[in-house]
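Novice: Shown below is the structure under consideration.
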Amino acid sequence: MNDTLNTILTQVIEIVIATLTTVVVSVWLPKLRDYITSKIENEKFKAAISEIETVVSTSVQYVNQTLVDDLKKNNKWDAASQKEAFELALKTVMENLSTETKSYLAVNSDNIVNTLTKYIEAAVNKEKK
């Protein structure tokens, strides 16, 4: 009688454990995976934005020091030189962004140039102040 009761109890416990394992695997693991994925994407986003801000700021300062300041000092600052300065800033940014950030922008931005243009314009305005 005890052996039969032990066998039944063991089988019930095995069923409960199997059921709990199934619940964990089918419900909690996908949620855990989604949570970890979102954390990773959030970290990638933060890293990309931080790098963009740093590279754009440095590039705008570089263009100001190597081109803009001299043009303004010699009264040669006009629409054409503004365009030249922007193009140099954009080129400098593109050359200095990491492959990872460029890839992130390619996947998560409608247009890399438009996105970087906004950051460059903001950095130029900040430099003016």
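Following the order of the structure tokens, chains are lettered A, B, ..., residues in each are numbered from 1, and ligands are numbered from 1.
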For stretch 36-45 of chain A, work out the shell of residues within 10 Å, counting only C-alpha atoms and skipping chain neighbours fewer than 6 positions away, then give it as a ChimeraX atom specification.
Specialist: /A:30,51,100-101,104-105,108
Novice: For the residues in that selection, give me N, CA and C atoms as a PDB file, in the first residue's frame.
Specialist:
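Final output, selection.pdb:
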ATOM      1  N   PRO A  30      10.340  33.568 -22.882  1.00  0.00           N
ATOM      2  CA  PRO A  30      10.164  34.579 -23.927  1.00  0.00           C
ATOM      3  C   PRO A  30      10.106  36.008 -23.366  1.00  0.00           C
ATOM      4  N   GLU A  51      27.851  58.646 -29.058  1.00  0.00           N
ATOM      5  CA  GLU A  51      28.933  58.755 -30.049  1.00  0.00           C
ATOM      6  C   GLU A  51      28.613  59.821 -31.086  1.00  0.00           C
ATOM      7  N   GLU A 100      29.779  50.399 -36.007  1.00  0.00           N
ATOM      8  CA  GLU A 100      28.590  49.989 -35.251  1.00  0.00           C
ATOM      9  C   GLU A 100      27.531  51.084 -35.260  1.00  0.00           C
ATOM     10  N   THR A 101      27.966  52.329 -35.058  1.00  0.00           N
ATOM     11  CA  THR A 101      27.004  53.426 -35.039  1.00  0.00           C
ATOM     12  C   THR A 101      26.426  53.665 -36.427  1.00  0.00           C
ATOM     13  N   TYR A 104      23.914  51.012 -36.921  1.00  0.00           N
ATOM     14  CA  TYR A 104      22.726  51.302 -36.109  1.00  0.00           C
ATOM     15  C   TYR A 104      21.861  52.356 -36.794  1.00  0.00           C
ATOM     16  N   LEU A 105      22.505  53.412 -37.299  1.00  0.00           N
ATOM     17  CA  LEU A 105      21.763  54.455 -37.991  1.00  0.00           C
ATOM     18  C   LEU A 105      21.120  53.929 -39.271  1.00  0.00           C
ATOM     19  N   ASN A 108      18.055  52.015 -38.063  1.00  0.00           N
ATOM     20  CA  ASN A 108      17.066  52.703 -37.232  1.00  0.00           C
ATOM     21  C   ASN A 108      16.758  54.132 -37.652  1.00  0.00           C
TER      22      ASN A 108
END
Novice: Quick one: everything within 12 Å of stretch 65-72 of chain A, counting only C-alpha atoms, minus sequence neighbours fewer than 2 positions away in the same chain. Send it as a list in words.
Specialist: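 Residues near the query, excluding close chain neighbours: Thr58, Ser59, Val60, Gln61, Tyr62, Val63, Asn74, Asn75, Lys76, Trp77, Asp78, Ala79, Ala80, Ser81, Gln82, Lys83, Glu84, Ala85, Phe86, Glu87, Leu88, Ala89, Val124, Glu127 and Lys128 of chain A.
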Novice: Let's have the selection written as a short mmCIF file (atom, residue, chain, number, x, y, z; two decimals), in the first residue's frame, with N, CA, C and O atoms.
Specialist:
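Generated file (result06.cif):
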data_model
loop_
_atom_site.label_atom_id
_atom_site.label_comp_id
_atom_site.auth_asym_id
_atom_site.auth_seq_id
_atom_site.Cartn_x
_atom_site.Cartn_y
_atom_site.Cartn_z
N THR A 58 32.80 67.50 -32.02
CA THR A 58 34.22 67.60 -32.37
C THR A 58 34.40 68.01 -33.82
O THR A 58 35.27 68.85 -34.14
N SER A 59 33.60 67.46 -34.71
CA SER A 59 33.71 67.78 -36.14
C SER A 59 33.34 69.23 -36.42
O SER A 59 34.01 69.90 -37.20
N VAL A 60 32.30 69.72 -35.77
CA VAL A 60 31.90 71.12 -35.96
C VAL A 60 32.99 72.05 -35.43
O VAL A 60 33.34 73.05 -36.08
N GLN A 61 33.55 71.72 -34.29
CA GLN A 61 34.66 72.53 -33.76
C GLN A 61 35.84 72.52 -34.72
O GLN A 61 36.46 73.56 -34.97
N TYR A 62 36.15 71.37 -35.28
CA TYR A 62 37.25 71.23 -36.24
C TYR A 62 37.01 72.11 -37.46
O TYR A 62 37.89 72.84 -37.90
N VAL A 63 35.81 72.04 -38.02
CA VAL A 63 35.49 72.84 -39.22
C VAL A 63 35.54 74.32 -38.88
O VAL A 63 36.05 75.12 -39.69
N ASN A 74 38.27 86.90 -43.00
CA ASN A 74 38.60 87.52 -44.29
C ASN A 74 37.36 87.96 -45.07
O ASN A 74 37.45 88.22 -46.27
N ASN A 75 36.23 88.04 -44.38
CA ASN A 75 34.96 88.46 -45.00
C ASN A 75 34.60 87.66 -46.25
O ASN A 75 34.10 88.21 -47.23
N LYS A 76 34.86 86.38 -46.22
CA LYS A 76 34.53 85.51 -47.35
C LYS A 76 33.44 84.51 -46.99
O LYS A 76 33.22 83.55 -47.71
N TRP A 77 32.78 84.74 -45.88
CA TRP A 77 31.73 83.84 -45.42
C TRP A 77 30.44 84.15 -46.15
O TRP A 77 29.87 85.22 -46.02
N ASP A 78 29.99 83.21 -46.99
CA ASP A 78 28.76 83.39 -47.76
C ASP A 78 28.03 82.04 -47.86
O ASP A 78 28.44 81.07 -47.21
N ALA A 79 26.99 82.01 -48.67
CA ALA A 79 26.19 80.78 -48.78
C ALA A 79 27.02 79.62 -49.31
O ALA A 79 26.88 78.48 -48.84
N ALA A 80 27.90 79.88 -50.25
CA ALA A 80 28.74 78.81 -50.80
C ALA A 80 29.70 78.27 -49.75
O ALA A 80 29.91 77.06 -49.65
N SER A 81 30.29 79.16 -48.96
CA SER A 81 31.22 78.70 -47.92
C SER A 81 30.46 77.99 -46.79
O SER A 81 31.00 77.07 -46.17
N GLN A 82 29.22 78.40 -46.53
CA GLN A 82 28.40 77.70 -45.54
C GLN A 82 28.15 76.25 -46.00
O GLN A 82 28.25 75.31 -45.21
N LYS A 83 27.84 76.11 -47.27
CA LYS A 83 27.61 74.78 -47.82
C LYS A 83 28.89 73.95 -47.74
O LYS A 83 28.86 72.78 -47.37
N GLU A 84 30.01 74.57 -48.08
CA GLU A 84 31.30 73.88 -48.01
C GLU A 84 31.60 73.44 -46.57
O GLU A 84 32.06 72.31 -46.34
N ALA A 85 31.33 74.31 -45.62
CA ALA A 85 31.58 74.00 -44.21
C ALA A 85 30.69 72.85 -43.75
O ALA A 85 31.15 71.92 -43.06
N PHE A 86 29.43 72.89 -44.15
CA PHE A 86 28.52 71.80 -43.79
C PHE A 86 29.00 70.49 -44.38
O PHE A 86 29.03 69.46 -43.69
N GLU A 87 29.36 70.50 -45.66
CA GLU A 87 29.80 69.27 -46.31
C GLU A 87 31.07 68.71 -45.66
O GLU A 87 31.21 67.50 -45.50
N LEU A 88 31.97 69.60 -45.27
CA LEU A 88 33.18 69.15 -44.58
C LEU A 88 32.83 68.57 -43.21
O LEU A 88 33.38 67.53 -42.81
N ALA A 89 31.92 69.20 -42.51
CA ALA A 89 31.49 68.68 -41.20
C ALA A 89 30.85 67.30 -41.36
O ALA A 89 31.17 66.37 -40.61
N VAL A 124 26.12 73.43 -34.49
CA VAL A 124 26.50 74.76 -35.01
C VAL A 124 25.80 75.84 -34.21
O VAL A 124 26.42 76.83 -33.80
N GLU A 127 27.44 76.20 -30.91
CA GLU A 127 28.74 76.87 -31.04
C GLU A 127 28.58 78.38 -31.15
O GLU A 127 29.42 79.14 -30.68
N LYS A 128 27.48 78.81 -31.77
CA LYS A 128 27.24 80.26 -31.96
C LYS A 128 26.98 80.97 -30.64
O LYS A 128 27.25 82.15 -30.51
#
Novice: What's around A:Thr54 at 10 Å? Count only C-alpha atoms, leave out sequence neighbours fewer than 6 positions away in its own chain, and write the answer as a ChimeraX atom specification.
Specialist: /A:48,93,97,123
Novice: Taking only C-alpha atoms into account, name the residue in A:Gln11, A:Tyr119, A:Asn111, A:Asp34 that is nearest to A:Ser50.
Specialist: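 The shortest atom-to-atom distance to A:Ser50 comes from A:Tyr119.
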Novice: If you run DSSP on the backbone, which residues of stretch 48-127 of chain A are alpha helix (DSSP H), as a ChimeraX atom specification?
Specialist: /A:48-63,69-73,79-96,99-108,112-127
